[in-house]
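Step one of this worksheet: look at the structure below.
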Amino acid sequence: MKEEVVTKDEATVPAARGAAAEASGEPLLVVDKLVKHFPVKGGFPIRRTVGAVQAVDGIDLTVHVGESFGLVGESGCGKSTTGRLITRLLEPTSGKISYRGQDISHASRKQLAPIRSEIQMIFQDPYSSLNPRQTVGKIISGPMEINDINPAGGREKRVRELLEIVGLNPEHFNRFPHEFSGGQRQRIGVARALALEPKLIVADEPVSALDVSIQAQVVNLLQQVQKDLGIAFLFIAHDLAVVRHFSQRVAVMYLGKIIEVGDRDSIYARPRHPYTHALLSAVPEVNLDGDEEAQRERIRLAGDVPSPISPPSGCRFRTRCWKATEKCATEEPPLVRISGNGPGHLTACHFPEEPTTGARDEDIVLDPALAALEETEG
Amino acid sequence: MTSPLKTEGGGASVVVDGDKESAKESQTAQVEGRSPGRLMWIRFKRDRTGVISAYVVGFFFLIGLLAPLISKLYGKDPYTVYADERPELFDSAGVPVQPNGGISGDFWFGLEPGNGYDVFTKLIYGIRTSLMISLAVTVAVVLTGILLGVTAGYLGGKADFFIGRVIDFLLAIPAQLFFIASMPVVVSLFVSPRDETPTYVRVVALIAVQWALGWMSLGRILRGTTLSLREREFIEAAKVSGASSRRIIGKEILPNVVTPLLVQSTYLLPNFVTAEAGLSFLGVGIVEPTPDWGQMFSKASTELVLQNDLTYMFFPGVSMIIFVVAFNLLGDSVRDAFDPKSAR
Ligand SMILES: Nc1ncnc2c1ncn2[C@@H]1O[C@H](COP(=O)(O)OP(=O)(O)OP(=O)(O)O)[C@@H](O)[C@H]1O
Ligand code: SF4
Ligand SMILES: [Mg+2]
């Protein structure tokens, strides 16, 4: 079965990727059938590998120069693992990561040195991403020190510049992280990522630990930075709302696989995968013309994401999908451009939904408890 | 134990200090941030118990350090056998004639029954010996703890497993028994049993034996701290920038283990002082004529001294109790200052 999948991927993906590349320029980062399995140890008295968490299980994606790419999925679907593989904090089990055509999938620290400065990361937790014992100035100039970069006018001047860019008082470079709020700390994290003038920034849920009121500010900052400095972003988020205004292209992940990818319009206006539909229906719509709100479909998914240790056979979404059939259990749907999709819009589903997010005749409520609740309410 | 003092006496001053601090801060706000270390220092200074304890502990170290100078000013040394020099001060059994162990303007803390050593100089030199040994053990233990603990925590995997098992094994050994049994063995490694054992060999053996069984608790704590630090995102940020392991350990991890290190060290040192005293008391540590704090207790418990001169026990006993209590209170205060949440 595995073999079959592989051949299918090979047949369809390159063509599709070509289409995407046409749409928006030169590829910067190409991820090819990337796999990361974490071994699960168990057994007594001798511990051995008894299984694997299939955190990332064969994903392909391309980020183009200067593009903002959103990666969305529920908690535990492997988004952070993908980000850490790309920044090479983790060693891939198999598959290939190329940056500007150079294979970095298994590059050592020394081999990575020249491109280290080009791929940077922004972290989720502003409270653990800054060393409490270093001043802001030290934190931001650290990457420059490591890479032996001496900007004109000295590192301190550059630190002030960076603080200014991210909207902090440049005089604060001698302060310590505990003297800043969560949002300000995240800005410091952004300044640190910018210190090396990267070409690609992997932002792993950069705002989900922040207050809702501050989230927008930080997203705006990132958006501005992305536009002004032409940095490509891989923006990881767990819902579609955050990436909506930020990303030109969006990929939706489920249990270690990408199940749908396309430009923003395709994903938000013409989604095909049932899971994307479900995620979209959960996005709190901020629509200026209120009447459209009423027409949106309503989908409530049942249960939790299955364990990535033993994911469902065939289509991984089938345990929660309302369209699942026998075929979905036996045959894994390939990620392809199905008929009706625009260029670069790929969907992995045997029985795709209609490309609309309008209201359905009947709401889909898969959770019996939720259904009962809604009945009593309505 | 320390809380009543703190809440009653310290309450008012905390507010005053706080106001002063914030007023001061607003002036210098633009330039300097307050490091976690400085915040700790500010909190520590407000803790009256801690400050007093620190002075007491400092006083003992000062005495140890200045022992030769003090004894010079005082005009005596701990090696002079006053039973021979001033026989009129002793009766036929060698017990000081004057009451209270021969306390007088000449001999402030009295004279030792038997050889007639001067108790005052013997005590300050004894403190010097004990503190020197304990300090050396602490330094050795801290270095070992950092080396093995941080290595185990940072590398994880096989190294961690191996170091963990060594720690388990060493912790299973009953320390006191091991000390008593191994001291003669370690000493005999350096000198043959028939020769006179030089003092430095005994000192080295004492340090080695206590070090061998002293580093594990600190090693474990540092391993745990490093393990949790390793998962923090700022370490990953350093890695993404291409930092070497050396830089990550030196610049990112070590500055963050200083807190548990300092707290643990302030608990360890008085323990080593009492352990060393215990060994000398049992006769496997420092022996006459080298002055030593613990050895004075063993002298005090000999039949001659016990029956004729109870005063002799007083000075080493009281000074050691004060020292150990002050040091432990200091340890508590240091811990509270570093981690204000645990105290309130
Ligand atoms: N170091 C690891 N060892 C073992 N399993 C891991 C490890 N890191 C992640 N996993 C597992 O891999 C799966 C994917 O984790 P990942 O952190 O990538 O999810 P995520 O999509 O980022 O979720 P979240 O939104 O909660 O951050 C999870 O089931 C997680 O338990
Ligand atoms: S392949 Fe089948 S189970 Fe999977 S999403 Fe499509 S319809 Fe649902
Ligand atoms: Mg994550």
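Residues in the structure tokens are named by chain (A, B, ... in the order shown) and by number from 1 within that chain; ligands are numbered from 1 in the order shown.
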
Next on the checklist: Neighbours of ligand 2 at 7 Å or closer, counting only C-alpha atoms and all ligand atoms: which residues, as number ranges by chain?
Outcome noted: A: 273-275, 315-318, 321-325, 328, 333, 348-352

Checklist entry - Got a sec: who's within 12 Å of Asp160 (chain B), counting only C-alpha atoms, leaving out chain neighbours fewer than 5 positions off, as a VMD selection string? => result chain B and resid 148 to 155 165 to 167 219 to 220 223 to 224 226 to 227

Checklist entry - What residues in chain A lie within 10 Å of chain B, counting only C-alpha atoms, written as number ranges by chain? => result A: 84, 87-89, 109-110, 112-136, 139, 142-147, 169-179, 189, 192-193, 195-196

Item to check | Residue list (strand (DSSP E or B), DSSP) for region 31-261 of chain B, as a VMD selection string | outcome: chain B and resid 90 96 111 118

Residues from the last selection, N, CA and C atoms, saved as an mmCIF file, in the first residue's frame:
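Result file follows (selection-v8.cif):
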data_model
loop_
_atom_site.group_PDB
_atom_site.id
_atom_site.type_symbol
_atom_site.label_atom_id
_atom_site.label_comp_id
_atom_site.auth_asym_id
_atom_site.auth_seq_id
_atom_site.Cartn_x
_atom_site.Cartn_y
_atom_site.Cartn_z
ATOM 1 N N PHE B 90 49.217 24.768 86.141
ATOM 2 C CA PHE B 90 48.596 23.445 86.082
ATOM 3 C C PHE B 90 48.851 22.670 87.362
ATOM 4 N N PRO B 96 44.243 22.872 84.470
ATOM 5 C CA PRO B 96 44.516 24.245 84.892
ATOM 6 C C PRO B 96 44.053 24.475 86.325
ATOM 7 N N LEU B 111 42.885 27.224 79.157
ATOM 8 C CA LEU B 111 43.956 26.349 78.702
ATOM 9 C C LEU B 111 43.442 24.929 78.584
ATOM 10 N N ASP B 118 46.782 26.832 74.324
ATOM 11 C CA ASP B 118 45.899 27.983 74.504
ATOM 12 C C ASP B 118 44.610 27.748 73.707
#

Checklist entry - Taking only C-alpha atoms and all ligand atoms into account, which residues are within 9 Å of ligand 3, as number ranges by chain? => result A: 75-81, 83, 124, 204-205, 236-238

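For the choices A:Ile165, A:Val65, A:Val225, A:Val252, the atom-to-atom distance to ligand 1 is smallest for A:Val252 when using only C-alpha atoms and all ligand atoms.
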